[in-house]
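Novice: Quick one: the structure is below, questions incoming.
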Amino acid sequence: MQGPPLLRVGCAAGFSGDRVDAAGPVVEALVAAGGPAALIFETLAERTLALAQVARRANPDAGYEPLLDAMLRPVLGRCLGAGIRIVSNFGAAHPHGAARRILALARELGLRAPRVAVVEGDDLSGPAQRPLLEAALGARIDALDVVSANAYIGAEAIADALRAGAEIVVCGRVADPSLTVGPALAHFGWAPDDWDRLARATMAGHLLECGAQVSGGYYADPGYKDVPGLARLGYPIAEIDADGNCTLTKPPGSGGRIDAHTVKEQLLYEVHDPAAYLTPDVVADIRDAEVAEEAPDRVRLTGVRGHPRPAALKVNVCHENGWLAEGEISYAGPRAEARARLAGEVLRERLAGLGPLRVDLIGATSLFGDDAGRWLAAQPEGGARDVRLRVALNHPDREAAERLPREVTALYTCGPAGGGGVRTALRARLGTASCLVPREHVPTRFSFHVEGMHP
Amino acid sequence: MKQDSITVPLYRAAHGRTGDKGNRSNISVIAWHPFLWEVLVDQVSEDAVRGLFAHRRPACVTRHLLPRLHAMNFVLDDVLDGGVNDALNLDSHGKALAFLLLDMPIRVPADLHGCLVGTSGEPSTHAA
């Protein structure tokens, strides 16, 4: 007996700042392949939602992915015409606002109105949810100036929306792999406790959720890990079968590479215990996972198993977190490193008492070191001839933090010889407190967006 | 160690990438060739990695083995100075950290020399 056809899920964004021209070739490949397909955009990192919440406070129409238009405009008509469902967390802090914008975009493009569903329940920042956060975080929460609080919710509401006929599903904080699990659940009709299949689809989603990171992005290392066409990377497509196993591929003719090595790197990306990759949908176990190269740019993933989903959902509470002050100045030519080091010592003396100061010598050493400077102190003067001094500190008070940019700027006239190219920055920081909340206290739902009906 | 071994940087035997969540970093180490797997298991140990990252004061270093993938996953707790929210590092995610690990010297038996990527002098392209 013939089972249900493959489901193809393409991913056109792996974070909020991703390339906006990624979707076109993915959609063309999905159309050419025919058959059921979904297009996902993953645009929410931990802090993206807090920034969206801040934006919505300033402007009640804002609060969703700022690049929504740029991402969807090139492909919306093609997806609607070909029956490719779009699923994304680009709703951020204002999913109905995103839905409204999508309907307006469809009108501007002369398209029919798509059926847009909105998934809700993740936002726990309201007064009604405050006791829930207090129970989870205890007295800590009283000291926090909370900007956003969101639970990582799962795929069920997405699947429900798709089964009800949604062509576009707009979410806020759903777990990244759930963007893929939702369409798979709706398409294959798996039981909600079919842990093995859910885990396999989850790992397909995990491979997709960072966009080009599985197809040659975050991989190239000239001479060791060469990637053709890095400037025109093809974003990934997972062909998911009825058992949840998948083959990863990318649009024909696109740049990038998908081989066993790129897939293994991304499979382990942000994974801790391979026996227990926790999501709201399932606990995935990749200890016996295997990857096999089927053809050029085609890799099969099998052997993933699943265990029952966790009883609690992860909640991220974002809060105000003081100020980050940064400053840089450059030195070049003979003894450049010695002059940069001297400038660092001057700043340490001038800013003593303000708080721990990080000092980097860009061009000599700047990334491997720790904030406390143990690494830097152990690096002998290396005679680098083109060095950019960078200093940074955190401070709860803005006025105090502003002393750093002033002192770096003053190095023009008061610092070592030949210092140039001062740049300074002062930025508000956001902090995150994570906690667990029993899932029964976080009801999720979907609704179709009806224009004029939603704030 | 066996006779006739050569010392090479780990990146000639393995590749990997860094991921982060909060103040925790994970670094994968994946053998370029299955024959190199035992060498990696033997030498790229928790102790070795703890030593490389000592300046970042990891609270805990855990190695998970995935023999079917010829891969291992290191989890380093509390090595990101608070992570993206608090760290002063330009690279608050710790994206670069895999290359600190991949530069570690390892000894490889001479008969596995052909499984290594690159040469002791100039790098060569890993065959697709």
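If you're wondering about the labels, chains in the structure tokens are A, B, ... by order shown, residues count from 1 in each chain, ligands from 1 in order shown.
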Might you pull out every residue within 12 Å of B:Leu88, with only C-alpha atoms counted and same-chain residues fewer than 3 positions away left off, and present them as a PyMOL selection string?
Specialist: (chain A and resi 323-327+355-360+366-367+369-373+390-395+429) or (chain B and resi 80-85+91-94)
Novice: Any chance you can output those residues with C-alpha atoms as an mmCIF file, in the first residue's frame?
Specialist:
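Output file result-v4.cif is given in full below:
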```
data_model
loop_
_atom_site.group_PDB
_atom_site.id
_atom_site.type_symbol
_atom_site.label_atom_id
_atom_site.label_comp_id
_atom_site.auth_asym_id
_atom_site.auth_seq_id
_atom_site.Cartn_x
_atom_site.Cartn_y
_atom_site.Cartn_z
ATOM 1 C CA TRP A 323 24.531 49.532 29.663
ATOM 2 C CA LEU A 324 27.335 48.177 27.503
ATOM 3 C CA ALA A 325 30.019 50.739 26.715
ATOM 4 C CA GLU A 326 32.627 50.012 24.053
ATOM 5 C CA GLY A 327 35.500 51.923 22.474
ATOM 6 C CA GLY A 355 33.909 48.069 37.126
ATOM 7 C CA PRO A 356 35.748 45.264 35.335
ATOM 8 C CA LEU A 357 37.196 46.517 32.044
ATOM 9 C CA ARG A 358 37.777 44.111 29.168
ATOM 10 C CA VAL A 359 40.799 44.871 26.999
ATOM 11 C CA ASP A 360 41.340 43.313 23.554
ATOM 12 C CA SER A 366 40.751 39.468 20.959
ATOM 13 C CA LEU A 367 38.345 36.516 20.945
ATOM 14 C CA GLY A 369 40.296 35.420 26.001
ATOM 15 C CA ASP A 370 38.118 35.723 29.069
ATOM 16 C CA ASP A 371 36.573 38.990 30.270
ATOM 17 C CA ALA A 372 38.789 39.013 33.361
ATOM 18 C CA GLY A 373 41.917 39.208 31.183
ATOM 19 C CA ARG A 390 39.119 47.524 22.092
ATOM 20 C CA VAL A 391 37.784 48.069 25.589
ATOM 21 C CA ALA A 392 34.353 47.306 27.001
ATOM 22 C CA LEU A 393 32.495 47.403 30.293
ATOM 23 C CA ASN A 394 29.001 46.905 31.681
ATOM 24 C CA HIS A 395 27.456 49.376 34.084
ATOM 25 C CA ARG A 429 21.569 45.604 27.409
ATOM 26 C CA LEU B 80 30.976 32.469 28.133
ATOM 27 C CA ASP B 81 31.277 35.167 30.831
ATOM 28 C CA GLY B 82 27.498 35.141 31.074
ATOM 29 C CA GLY B 83 26.808 34.637 27.353
ATOM 30 C CA VAL B 84 25.228 37.067 24.911
ATOM 31 C CA ASN B 85 23.496 39.072 27.626
ATOM 32 C CA ASP B 91 32.262 37.262 20.295
ATOM 33 C CA SER B 92 29.758 36.938 23.125
ATOM 34 C CA HIS B 93 28.413 33.710 21.563
ATOM 35 C CA GLY B 94 31.861 32.115 21.615
#
```
Novice: I'd like the contact shell of A:Val437 - 10 Å cut-off, only C-alpha atoms, skipping same-chain residues fewer than 2 positions apart - returned as a list in words.
Specialist: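 Selected residues are Leu132, Leu133, Ala135, Ala136, Leu137, Ala151, Ala311, Ala312, Leu313, Lys314, Val315, Ser434, Cys435, Arg439, Glu440, His441 and Val442 of chain A.
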Novice: Do a neighbour search on stretch 81-93 of chain A at 7 Å with only C-alpha atoms, toss out local chain neighbours closer than 2 positions, and write the hits as a compact mmCIF listing (two decimals) with C-alpha atoms, in the first residue's frame.
Specialist:
```txt
# COMPACT_ATOMS: atom_id res chain seq x y z
CA VAL A 31 7.43 24.09 -6.98
CA ALA A 37 5.47 21.47 0.76
CA ALA A 38 5.98 24.07 3.44
CA LEU A 39 8.30 27.06 3.66
CA ILE A 40 9.58 28.11 7.07
CA PHE A 41 11.30 31.27 8.27
CA GLU A 42 13.00 31.06 11.69
CA THR A 43 13.59 34.63 12.83
CA LEU A 44 13.62 34.62 16.64
CA LEU A 49 11.51 38.89 21.09
CA ALA A 52 10.19 43.28 19.36
CA GLN A 53 8.32 43.91 22.60
CA GLY A 63 6.51 44.27 17.20
CA TYR A 64 6.81 41.67 14.46
CA GLU A 65 9.82 40.83 12.28
CA LEU A 68 8.72 40.54 7.08
CA GLY A 77 2.26 34.90 -4.75
CA ARG A 78 4.26 31.87 -5.84
CA CYS A 79 3.56 30.04 -2.55
CA PRO A 95 1.58 37.99 15.52
CA ALA A 98 2.26 40.47 11.21
CA GLU A 167 -2.10 28.81 4.20
CA ILE A 168 0.15 30.92 6.40
CA VAL A 169 0.75 30.27 10.11
CA VAL A 170 2.16 33.19 12.08
CA CYS A 171 3.69 32.36 15.46
CA GLY A 172 5.60 34.09 18.19
CA ARG A 173 7.88 32.06 20.44
CA VAL A 174 7.48 28.51 19.25
CA LEU A 179 8.10 25.07 12.73
```
Novice: Excluding B:Leu112 and any residue of its chain fewer than 3 positions from it, enumerate the residues within 9 Å of it, using only C-alpha atoms, and give them as a PyMOL selection string.
Specialist: chain B and resi 5+35-36+108-109+115-116
Novice: May I ask you to extract the residues of chain B within 7 Å of chain A, using only C-alpha atoms, and to give them as a list in words?
Specialist: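 Applying the cut-off to the listed atoms yields Gly16, Arg17, Thr18, Gly19, Asp20, Lys21, Asn26, Ser28, His55, Arg56, His64, Leu66, Arg68, Leu69, Val75, Asp81, Asn85, Leu88, Asn89, Leu90, Asp91, Ala96, Leu97, Val117, Gly118, Pro123, Ser124, Thr125 and His126 of chain B.
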Novice: For B:Ala13, find every residue with an atom within 6 Å (counting only C-alpha atoms), except residues of its own chain fewer than 3 positions away, and show them as a PyMOL selection string.
Specialist: chain B and resi 10+31-32+116
Novice: I need the residues from that last selection saved to file as a short mmCIF file (atom, residue, chain, number, x, y, z; two decimals), in the first residue's frame (with C-alpha atoms), if you can.
Specialist:
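Done, and the output landed in again04.cif:
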```
data_model
loop_
_atom_site.label_atom_id
_atom_site.label_comp_id
_atom_site.auth_asym_id
_atom_site.auth_seq_id
_atom_site.Cartn_x
_atom_site.Cartn_y
_atom_site.Cartn_z
CA LEU B 10 43.65 18.62 15.51
CA ALA B 31 36.69 12.92 12.49
CA TRP B 32 37.62 13.60 8.89
CA LEU B 116 44.65 13.54 7.49
#
```
Novice: Run DSSP on the backbone and grab whatever in stretch 17-67 of chain B lands in strand (DSSP E or B); send it over as number ranges by chain.
Specialist: B: 18-21, 24-31, 60-66
Novice: Could you save the residues just selected, with N, CA and C atoms, as a PDB file, in the first residue's frame?
Specialist:
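See result_8.pdb below for the written result:
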```pdb
ATOM      1  N   THR B  18      31.082  25.592  16.981  1.00  0.00           N
ATOM      2  CA  THR B  18      30.627  25.966  18.322  1.00  0.00           C
ATOM      3  C   THR B  18      29.157  26.354  18.295  1.00  0.00           C
ATOM      4  N   GLY B  19      28.435  25.972  19.309  1.00  0.00           N
ATOM      5  CA  GLY B  19      27.079  26.460  19.532  1.00  0.00           C
ATOM      6  C   GLY B  19      26.998  27.014  20.943  1.00  0.00           C
ATOM      7  N   ASP B  20      25.993  27.835  21.222  1.00  0.00           N
ATOM      8  CA  ASP B  20      25.874  28.388  22.573  1.00  0.00           C
ATOM      9  C   ASP B  20      24.417  28.456  22.982  1.00  0.00           C
ATOM     10  N   LYS B  21      24.204  28.276  24.267  1.00  0.00           N
ATOM     11  CA  LYS B  21      22.906  28.555  24.881  1.00  0.00           C
ATOM     12  C   LYS B  21      23.198  29.131  26.239  1.00  0.00           C
ATOM     13  N   ARG B  24      26.522  28.517  28.349  1.00  0.00           N
ATOM     14  CA  ARG B  24      27.070  27.189  28.061  1.00  0.00           C
ATOM     15  C   ARG B  24      27.452  27.117  26.590  1.00  0.00           C
ATOM     16  N   SER B  25      28.619  26.551  26.351  1.00  0.00           N
ATOM     17  CA  SER B  25      29.096  26.398  24.981  1.00  0.00           C
ATOM     18  C   SER B  25      29.160  24.914  24.655  1.00  0.00           C
ATOM     19  N   ASN B  26      28.843  24.563  23.399  1.00  0.00           N
ATOM     20  CA  ASN B  26      29.127  23.194  22.982  1.00  0.00           C
ATOM     21  C   ASN B  26      29.977  23.224  21.722  1.00  0.00           C
ATOM     22  N   ILE B  27      30.943  22.321  21.674  1.00  0.00           N
ATOM     23  CA  ILE B  27      31.867  22.269  20.539  1.00  0.00           C
ATOM     24  C   ILE B  27      31.897  20.832  20.026  1.00  0.00           C
ATOM     25  N   SER B  28      31.581  20.664  18.743  1.00  0.00           N
ATOM     26  CA  SER B  28      31.656  19.335  18.152  1.00  0.00           C
ATOM     27  C   SER B  28      33.056  19.099  17.601  1.00  0.00           C
ATOM     28  N   VAL B  29      33.474  17.854  17.654  1.00  0.00           N
ATOM     29  CA  VAL B  29      34.741  17.425  17.060  1.00  0.00           C
ATOM     30  C   VAL B  29      34.417  16.183  16.238  1.00  0.00           C
ATOM     31  N   ILE B  30      34.581  16.278  14.922  1.00  0.00           N
ATOM     32  CA  ILE B  30      34.109  15.250  14.006  1.00  0.00           C
ATOM     33  C   ILE B  30      35.285  14.759  13.174  1.00  0.00           C
ATOM     34  N   ALA B  31      35.521  13.460  13.199  1.00  0.00           N
ATOM     35  CA  ALA B  31      36.687  12.916  12.487  1.00  0.00           C
ATOM     36  C   ALA B  31      36.531  13.122  10.981  1.00  0.00           C
ATOM     37  N   CYS B  60      32.239  22.906  34.415  1.00  0.00           N
ATOM     38  CA  CYS B  60      32.158  21.484  34.106  1.00  0.00           C
ATOM     39  C   CYS B  60      32.455  21.292  32.618  1.00  0.00           C
ATOM     40  N   VAL B  61      33.225  20.263  32.285  1.00  0.00           N
ATOM     41  CA  VAL B  61      33.462  19.901  30.884  1.00  0.00           C
ATOM     42  C   VAL B  61      33.001  18.460  30.697  1.00  0.00           C
ATOM     43  N   THR B  62      32.060  18.268  29.786  1.00  0.00           N
ATOM     44  CA  THR B  62      31.533  16.923  29.565  1.00  0.00           C
ATOM     45  C   THR B  62      31.719  16.535  28.106  1.00  0.00           C
ATOM     46  N   ARG B  63      32.196  15.324  27.883  1.00  0.00           N
ATOM     47  CA  ARG B  63      32.347  14.829  26.512  1.00  0.00           C
ATOM     48  C   ARG B  63      31.300  13.751  26.239  1.00  0.00           C
ATOM     49  N   HIS B  64      30.535  13.924  25.179  1.00  0.00           N
ATOM     50  CA  HIS B  64      29.575  12.918  24.744  1.00  0.00           C
ATOM     51  C   HIS B  64      30.094  12.288  23.449  1.00  0.00           C
ATOM     52  N   LEU B  65      30.137  10.969  23.400  1.00  0.00           N
ATOM     53  CA  LEU B  65      30.645  10.280  22.210  1.00  0.00           C
ATOM     54  C   LEU B  65      29.495   9.836  21.311  1.00  0.00           C
ATOM     55  N   LEU B  66      29.670  10.027  20.007  1.00  0.00           N
ATOM     56  CA  LEU B  66      28.692   9.552  19.022  1.00  0.00           C
ATOM     57  C   LEU B  66      29.435   8.707  17.993  1.00  0.00           C
TER      58      LEU B  66
END
```
Novice: DSSP says helix (DSSP H, G or I) for which residues of chain B? Put them as a ChimeraX atom specification?
Specialist: /B:10-12,34-43,46-52,54-56,67-69,83-85,97-102,110-115
Novice: Neighbouring residues of A:Thr249 were defined as those with any atom within 8 Å, considering only C-alpha atoms; residues of the same chain fewer than 2 positions away were excluded. Please report them as JSON, numbers by chain.
Specialist: {"A": [215, 236, 237, 238, 239, 247, 251, 258, 297, 298, 299]}
Novice: Would you pick out the contacts of A:Arg200 at 10 Å or less, using only C-alpha atoms, so that residues sharing its chain but fewer than 6 positions from it are not included, and give the list as a list in words?
Specialist: Val181, His206, Ile240, Asp241, Asp243, Gly244, Asn245, Cys246, Val282, Ala284, Asp285, Ile286, Ala289, Leu301, Thr302, Gly303, Val304, Arg305 and Gly306 of chain A
Novice: Could you write those residues out with C-alpha atoms, as a compact mmCIF listing (two decimals), in the first residue's frame?
Specialist:
```txt
# COMPACT_ATOMS: atom_id res chain seq x y z
CA VAL A 181 7.20 19.39 13.20
CA HIS A 206 16.85 21.22 13.88
CA ILE A 240 10.53 14.10 5.20
CA ASP A 241 9.01 10.63 4.85
CA ASP A 243 8.48 7.69 9.37
CA GLY A 244 9.93 11.14 9.95
CA ASN A 245 13.33 10.31 8.47
CA CYS A 246 14.64 12.94 6.12
CA VAL A 282 9.52 15.43 22.28
CA ALA A 284 15.02 13.56 20.80
CA ASP A 285 17.82 11.02 21.12
CA ILE A 286 20.53 11.13 18.44
CA ALA A 289 21.78 8.74 14.43
CA LEU A 301 19.50 11.26 8.34
CA THR A 302 18.25 8.11 10.08
CA GLY A 303 18.44 6.44 13.47
CA VAL A 304 16.90 9.22 15.56
CA ARG A 305 14.72 8.01 18.42
CA GLY A 306 12.26 9.80 20.66
```
Novice: To one decimal in Å, tell me the separation between atom CA of A:Gly121 and atom CA of A:Thr444.
Specialist: 4.4 Å
